[in-house]
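Structure file input.cif with mmCIF, C-alpha atoms and all ligand atoms:
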data_start
loop_
_atom_site.label_atom_id
_atom_site.label_comp_id
_atom_site.auth_asym_id
_atom_site.auth_seq_id
_atom_site.Cartn_x
_atom_site.Cartn_y
_atom_site.Cartn_z
CA MET A 1 -10.58 -23.22 16.87
CA THR A 2 -10.58 -20.53 14.20
CA VAL A 3 -7.55 -19.13 12.47
CA ILE A 4 -7.95 -16.00 14.57
CA ASP A 5 -7.88 -18.06 17.76
CA SER A 6 -4.53 -19.47 16.74
CA LEU A 7 -3.21 -15.98 15.96
CA VAL A 8 -4.26 -14.73 19.38
CA GLU A 9 -2.27 -17.58 20.86
CA ASN A 10 0.68 -16.69 18.62
CA ASN A 11 0.53 -13.16 19.98
CA ARG A 12 0.73 -14.40 23.53
CA VAL A 13 3.96 -16.23 22.71
CA TYR A 14 5.29 -13.22 20.76
CA ALA A 15 4.61 -10.74 23.53
CA ASP A 16 5.99 -13.04 26.23
CA ALA A 17 9.33 -13.09 24.41
CA LEU A 18 9.66 -9.30 24.17
CA GLU A 19 10.38 -6.58 26.67
CA PRO A 20 7.76 -3.81 26.76
CA ARG A 21 8.94 -0.63 25.06
CA HIS A 22 7.44 2.53 23.67
CA LEU A 23 8.50 3.82 20.24
CA PRO A 24 7.73 7.34 18.99
CA LEU A 25 4.46 7.75 17.08
CA GLU A 26 6.29 9.37 14.16
CA PRO A 27 7.93 6.81 11.80
CA SER A 28 11.70 7.12 12.24
CA ARG A 29 12.48 6.73 8.51
CA ARG A 30 9.92 9.42 7.68
CA LEU A 31 8.49 7.17 4.99
CA ALA A 32 5.00 6.08 3.93
CA ILE A 33 4.51 2.98 1.75
CA VAL A 34 1.37 2.25 -0.26
CA THR A 35 1.00 -1.32 -1.43
CA CYS A 36 -1.38 -4.18 -2.17
CA MET A 37 -3.00 -6.40 0.44
CA ASP A 38 -1.39 -9.42 -1.27
CA SER A 39 -0.46 -12.03 1.34
CA ARG A 40 2.83 -12.91 -0.34
CA LEU A 41 4.40 -9.49 0.20
CA ASP A 42 5.92 -9.17 3.67
CA VAL A 43 6.63 -5.45 3.43
CA PHE A 44 8.82 -5.15 6.51
CA ALA A 45 10.93 -8.19 5.70
CA ALA A 46 11.24 -7.43 1.97
CA LEU A 47 12.48 -3.88 2.63
CA GLY A 48 14.50 -4.44 5.77
CA LEU A 49 12.20 -2.30 7.87
CA GLY A 50 11.64 -2.55 11.59
CA ASP A 51 8.87 -1.55 13.95
CA GLY A 52 8.32 2.18 14.16
CA GLU A 53 10.11 2.99 10.92
CA ALA A 54 7.41 3.53 8.26
CA HIS A 55 3.70 3.80 7.66
CA VAL A 56 2.29 1.00 5.50
CA LEU A 57 -1.04 1.62 3.75
CA ARG A 58 -2.57 -1.41 2.06
CA ASN A 59 -5.63 -2.12 -0.06
CA ALA A 60 -6.56 -4.34 -3.01
CA GLY A 61 -4.09 -3.31 -5.70
CA GLY A 62 -2.25 -0.64 -3.72
CA VAL A 63 -4.59 1.86 -5.36
CA ILE A 64 -4.34 5.59 -4.63
CA THR A 65 -7.91 6.11 -3.46
CA ASP A 66 -9.33 9.09 -1.59
CA ASP A 67 -8.80 7.14 1.61
CA VAL A 68 -5.12 6.58 0.81
CA ILE A 69 -4.74 10.32 0.14
CA ARG A 70 -6.44 10.92 3.51
CA SER A 71 -3.89 8.68 5.21
CA LEU A 72 -0.94 10.23 3.34
CA ALA A 73 -2.14 13.72 4.32
CA ILE A 74 -2.20 12.68 7.99
CA SER A 75 1.10 10.80 7.64
CA GLN A 76 2.89 13.85 6.25
CA ARG A 77 1.08 16.75 7.95
CA ARG A 78 0.84 15.29 11.43
CA LEU A 79 3.31 12.42 11.69
CA GLY A 80 6.35 13.74 9.89
CA THR A 81 6.78 11.46 6.87
CA ARG A 82 8.43 12.93 3.77
CA GLU A 83 8.93 10.18 1.16
CA VAL A 84 6.22 8.04 -0.51
CA MET A 85 7.01 4.56 -1.86
CA LEU A 86 4.40 2.82 -4.01
CA ILE A 87 4.67 -0.93 -4.51
CA HIS A 88 2.54 -2.94 -6.91
CA HIS A 89 3.40 -6.57 -7.65
CA THR A 90 3.33 -9.36 -10.19
CA ASP A 91 0.37 -11.77 -10.35
CA CYS A 92 -1.99 -9.27 -8.68
CA GLY A 93 -5.61 -10.25 -8.09
CA MET A 94 -6.67 -6.90 -9.54
CA GLN A 95 -5.41 -8.08 -12.94
CA LYS A 96 -7.79 -11.02 -12.80
CA LEU A 97 -11.06 -9.07 -12.80
CA THR A 98 -12.53 -6.17 -14.75
CA ASP A 99 -14.25 -3.07 -13.42
CA ASP A 100 -17.43 -3.72 -15.38
CA GLY A 101 -17.50 -7.44 -14.61
CA PHE A 102 -17.02 -7.07 -10.87
CA ARG A 103 -19.40 -4.12 -10.67
CA THR A 104 -22.08 -6.22 -12.40
CA GLU A 105 -21.32 -9.15 -10.11
CA LEU A 106 -21.82 -6.99 -7.02
CA ARG A 107 -25.00 -5.43 -8.36
CA GLU A 108 -26.50 -8.77 -9.33
CA ALA A 109 -25.58 -10.36 -6.01
CA THR A 110 -26.85 -7.54 -3.82
CA GLY A 111 -29.22 -5.38 -5.86
CA VAL A 112 -26.96 -2.39 -5.28
CA ALA A 113 -24.20 -1.04 -7.53
CA PRO A 114 -21.17 0.03 -5.48
CA ALA A 115 -20.38 3.73 -5.15
CA PHE A 116 -16.65 2.99 -5.17
CA ALA A 117 -14.45 2.48 -8.21
CA ILE A 118 -13.20 -1.09 -8.67
CA GLU A 119 -9.76 -0.01 -9.99
CA SER A 120 -8.77 -3.20 -11.76
CA PHE A 121 -5.82 -3.00 -14.16
CA THR A 122 -4.06 -5.02 -16.82
CA ASP A 123 -0.69 -3.25 -17.22
CA VAL A 124 1.05 -3.14 -13.85
CA ASP A 125 3.66 -0.60 -14.95
CA ALA A 126 0.96 1.73 -16.26
CA ASP A 127 -0.92 1.39 -12.99
CA VAL A 128 2.20 2.28 -10.98
CA ARG A 129 2.65 5.39 -13.16
CA GLN A 130 -0.96 6.39 -12.61
CA SER A 131 -0.51 5.94 -8.86
CA ILE A 132 2.61 8.14 -8.84
CA ARG A 133 0.72 10.82 -10.77
CA ARG A 134 -2.25 10.71 -8.41
CA VAL A 135 -0.03 11.32 -5.38
CA ARG A 136 1.96 14.04 -7.15
CA ARG A 137 -1.22 15.83 -8.13
CA SER A 138 -2.74 15.92 -4.66
CA ASP A 139 -2.31 19.21 -2.82
CA PHE A 140 -3.42 17.46 0.36
CA VAL A 141 -0.04 15.67 0.34
CA PRO A 142 2.52 18.46 0.86
CA HIS A 143 5.79 16.59 0.25
CA ARG A 144 5.79 15.20 -3.28
CA ASP A 145 9.39 15.56 -4.43
CA VAL A 146 10.18 11.93 -3.50
CA VAL A 147 7.31 9.75 -4.76
CA ARG A 148 8.68 6.56 -6.32
CA GLY A 149 6.95 3.48 -7.68
CA PHE A 150 8.00 -0.16 -7.90
CA VAL A 151 6.80 -3.59 -8.97
CA TYR A 152 7.60 -6.41 -6.54
CA ASP A 153 8.05 -9.84 -8.09
CA VAL A 154 6.25 -12.26 -5.77
CA ASP A 155 8.38 -15.16 -7.05
CA THR A 156 11.89 -13.66 -7.02
CA HIS A 157 11.20 -11.17 -4.17
CA ARG A 158 12.91 -8.41 -6.17
CA LEU A 159 11.78 -4.81 -6.62
CA ARG A 160 11.89 -3.14 -10.02
CA GLU A 161 11.46 0.63 -10.22
CA VAL A 162 8.94 2.20 -12.59
CA THR A 163 9.55 5.82 -13.50
CA VAL A 164 7.40 8.54 -14.97
CA ASP A 165 8.93 11.10 -17.30
CA GLN A 166 6.92 14.07 -16.10
CA LEU A 167 4.17 15.16 -13.78
ZN ZN A 201 -2.22 -7.35 -5.49
#
Could I get this structure in the form of structure tokens?
Amino acid sequence: MTVIDSLVENNRVYADALEPRHLPLEPSRRLAIVTCMDSRLDVFAALGLGDGEAHVLRNAGGVITDDVIRSLAISQRRLGTREVMLIHHTDCGMQKLTDDGFRTELREATGVAPAFAIESFTDVDADVRQSIRRVRRSDFVPHRDVVRGFVYDVDTHRLREVTVDQL
């Protein structure tokens, strides 16, 4: 039995305990969150969110990539979200590699250098500021007056806001 098999069984129990219901497609809090794929951050629990309330976009590092901008553009232009919350975190895996080192590792293992940027970082606050700036500078994302960034402490579970002085 694989891990996935056990999760499929978990879902059966989960669904059996719930009444069917249909929520609106548009998130009710009109919020999109961009964060890391880290397994220690339960976004809905940590922020007191429920089903149907916010979009959650995740990748390694919570990086503002072209694909995240694509999702934010759809989230705001088609699905009604207005605020963007960016959450990086302590002890991130992206602080434990370097762009050049991982790029070389991929090239040596496969014979092909990746077309994508690795986007490792050392200073988490600086990376949050860069992420805020990337969202604020994208015309594809129409609502940029509320774009706020945070660092989540994976040990204490607390959020700390990181601000930028200017665009
Ligand atoms: Zn991370």
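The shortest atom-to-atom distance to ligand ZN 201 (chain A), with all atoms listed in the file taken into account, belongs to A:Cys92 out of A:Cys92, A:Val56, A:Leu23, A:Ile118.
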Compute the distance from (3.5, 11.6, 5.4) to each atom, counting only C-alpha atoms, keep the residues with any atom at most 12 Å away, and return them as a PyMOL selection string; use the coordinates of the file.
-> chain A and resi 26-34+54-57+68-85+135+140-144+146-147
List all protein, DNA and RNA residues that have an atom no more than 6 Å from any atom of ligand ZN 201 (chain A), counting only C-alpha atoms and all ligand atoms, and report them as a PyMOL selection string.
-> chain A and resi 36+38+60-61+92-93
Just give me the gap between CA of Val151 in chain A and CA of Ser138 in chain A in Å, one decimal is fine.
->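 We find that CA of Val151 in chain A and CA of Ser138 in chain A lie 22.1 Å from each other.
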Nearest to Phe116 in chain A among A:Arg103, A:Gly62, A:Arg129, A:Met94, with distances taken over only C-alpha atoms: which residue is it?
->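 Smallest separation from Phe116 in chain A among the options: A:Arg103.
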If you count all atoms listed in the file, the residue of A:Val112, A:Val3, A:His88, A:Asp145 closest to Val43 in chain A turns out to be A:His88
Mind pulling up the distance from CA of Ala46 in chain A to CA of Arg133 in chain A?
-> 24.6 Å
Would you compute the box with edges along x, y and z of the file around range 39-55 of chain A, including every atom the file lists for it and 8 Å extra on each side, and give its centre and edge lengths in Å to one decimal, as JSON?
{"center_x": 7.0, "center_y": -4.6, "center_z": 6.9, "size_x": 31.0, "size_y": 32.7, "size_z": 30.5}
Neighbour residues at most 8 Å from (-5.4, -4.0, -14.6) (all atoms listed in the file) as a PyMOL selection string | chain A and resi 94-98+119-124+127
Of the residues A:Thr2, A:Leu106, A:Asp91, A:Leu86, which is the one nearest to Thr163 in chain A, using all atoms listed in the file?
-> A:Leu86
Check the smallest atom-to-atom distance from each of A:Val164, A:Ile132, A:Leu41, A:Ala117 to Asp66 in chain A using all atoms listed in the file, then report the winner.
-> A:Ala117
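Proximity to Leu25 in chain A was assessed for A:Asp155, A:Asp165, A:Asp99, A:Asp51 counting only C-alpha atoms; the smallest distance is recorded for A:Asp51.
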What separation in Å, quoted to one decimal, exists between CA of Arg160 in chain A and CA of Leu47 in chain A?
->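 Atom-to-atom, CA of Arg160 in chain A and CA of Leu47 in chain A are spaced 12.7 Å apart.
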Missing atoms in range 32-43 of chain A should be modelled up to all heavy atoms and reported as an mmCIF file, in the frame of the given file.
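Result file is selection-v5.cif:
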data_model
loop_
_atom_site.group_PDB
_atom_site.id
_atom_site.type_symbol
_atom_site.label_atom_id
_atom_site.label_comp_id
_atom_site.auth_asym_id
_atom_site.auth_seq_id
_atom_site.Cartn_x
_atom_site.Cartn_y
_atom_site.Cartn_z
ATOM 1 N N ALA A 32 6.293 6.766 4.039
ATOM 2 C CA ALA A 32 5.000 6.080 3.930
ATOM 3 C C ALA A 32 5.036 5.187 2.691
ATOM 4 O O ALA A 32 5.500 5.605 1.624
ATOM 5 C CB ALA A 32 3.846 7.075 3.822
ATOM 6 N N ILE A 33 4.554 3.963 2.832
ATOM 7 C CA ILE A 33 4.510 2.980 1.750
ATOM 8 C C ILE A 33 3.048 2.677 1.448
ATOM 9 O O ILE A 33 2.250 2.491 2.372
ATOM 10 C CB ILE A 33 5.224 1.682 2.181
ATOM 11 C CG1 ILE A 33 6.701 1.955 2.466
ATOM 12 C CG2 ILE A 33 5.067 0.594 1.116
ATOM 13 C CD1 ILE A 33 7.389 0.839 3.234
ATOM 14 N N VAL A 34 2.707 2.661 0.155
ATOM 15 C CA VAL A 34 1.370 2.250 -0.260
ATOM 16 C C VAL A 34 1.523 0.993 -1.090
ATOM 17 O O VAL A 34 2.256 0.983 -2.087
ATOM 18 C CB VAL A 34 0.665 3.340 -1.103
ATOM 19 C CG1 VAL A 34 -0.762 2.899 -1.447
ATOM 20 C CG2 VAL A 34 0.646 4.676 -0.368
ATOM 21 N N THR A 35 0.843 -0.068 -0.690
ATOM 22 C CA THR A 35 1.000 -1.320 -1.430
ATOM 23 C C THR A 35 -0.276 -2.145 -1.376
ATOM 24 O O THR A 35 -1.270 -1.757 -0.772
ATOM 25 C CB THR A 35 2.225 -2.112 -0.896
ATOM 26 O OG1 THR A 35 2.504 -3.190 -1.780
ATOM 27 C CG2 THR A 35 1.970 -2.633 0.505
ATOM 28 N N CYS A 36 -0.227 -3.282 -2.058
ATOM 29 C CA CYS A 36 -1.380 -4.180 -2.170
ATOM 30 C C CYS A 36 -1.532 -5.009 -0.887
ATOM 31 O O CYS A 36 -0.587 -5.216 -0.136
ATOM 32 C CB CYS A 36 -1.181 -5.099 -3.368
ATOM 33 S SG CYS A 36 -2.603 -6.165 -3.731
ATOM 34 N N MET A 37 -2.738 -5.524 -0.716
ATOM 35 C CA MET A 37 -3.000 -6.400 0.440
ATOM 36 C C MET A 37 -2.464 -7.820 0.221
ATOM 37 O O MET A 37 -2.606 -8.671 1.111
ATOM 38 C CB MET A 37 -4.509 -6.470 0.680
ATOM 39 C CG MET A 37 -5.297 -7.143 -0.422
ATOM 40 S SD MET A 37 -7.064 -6.994 -0.073
ATOM 41 C CE MET A 37 -7.736 -7.978 -1.421
ATOM 42 N N ASP A 38 -1.829 -8.064 -0.920
ATOM 43 C CA ASP A 38 -1.390 -9.420 -1.270
ATOM 44 C C ASP A 38 -0.637 -10.091 -0.108
ATOM 45 O O ASP A 38 0.281 -9.511 0.479
ATOM 46 C CB ASP A 38 -0.495 -9.369 -2.505
ATOM 47 C CG ASP A 38 -0.282 -10.750 -3.090
ATOM 48 O OD1 ASP A 38 0.587 -11.479 -2.569
ATOM 49 O OD2 ASP A 38 -0.996 -11.094 -4.034
ATOM 50 N N SER A 39 -1.006 -11.334 0.168
ATOM 51 C CA SER A 39 -0.460 -12.030 1.340
ATOM 52 C C SER A 39 0.972 -12.509 1.153
ATOM 53 O O SER A 39 1.620 -12.943 2.104
ATOM 54 C CB SER A 39 -1.355 -13.226 1.690
ATOM 55 O OG SER A 39 -1.306 -14.180 0.655
ATOM 56 N N ARG A 40 1.474 -12.428 -0.078
ATOM 57 C CA ARG A 40 2.830 -12.910 -0.340
ATOM 58 C C ARG A 40 3.887 -11.823 -0.174
ATOM 59 O O ARG A 40 5.077 -12.102 -0.293
ATOM 60 C CB ARG A 40 2.917 -13.493 -1.755
ATOM 61 C CG ARG A 40 2.020 -14.701 -1.942
ATOM 62 C CD ARG A 40 1.806 -15.002 -3.418
ATOM 63 N NE ARG A 40 1.055 -13.915 -4.062
ATOM 64 C CZ ARG A 40 0.675 -13.937 -5.335
ATOM 65 N NH1 ARG A 40 0.977 -14.967 -6.095
ATOM 66 N NH2 ARG A 40 0.000 -12.929 -5.843
ATOM 67 N N LEU A 41 3.444 -10.600 0.053
ATOM 68 C CA LEU A 41 4.400 -9.490 0.200
ATOM 69 C C LEU A 41 4.518 -9.111 1.677
ATOM 70 O O LEU A 41 3.628 -8.475 2.251
ATOM 71 C CB LEU A 41 3.940 -8.291 -0.635
ATOM 72 C CG LEU A 41 4.730 -6.987 -0.471
ATOM 73 C CD1 LEU A 41 6.228 -7.211 -0.554
ATOM 74 C CD2 LEU A 41 4.285 -5.980 -1.513
ATOM 75 N N ASP A 42 5.604 -9.540 2.290
ATOM 76 C CA ASP A 42 5.920 -9.170 3.670
ATOM 77 C C ASP A 42 6.722 -7.867 3.585
ATOM 78 O O ASP A 42 7.941 -7.886 3.378
ATOM 79 C CB ASP A 42 6.737 -10.274 4.338
ATOM 80 C CG ASP A 42 7.074 -9.967 5.797
ATOM 81 O OD1 ASP A 42 7.041 -8.781 6.186
ATOM 82 O OD2 ASP A 42 7.382 -10.918 6.538
ATOM 83 N N VAL A 43 6.033 -6.756 3.711
ATOM 84 C CA VAL A 43 6.630 -5.450 3.430
ATOM 85 C C VAL A 43 7.850 -5.192 4.319
ATOM 86 O O VAL A 43 8.911 -4.790 3.838
ATOM 87 C CB VAL A 43 5.591 -4.326 3.629
ATOM 88 C CG1 VAL A 43 6.237 -2.953 3.456
ATOM 89 C CG2 VAL A 43 4.446 -4.496 2.642
#
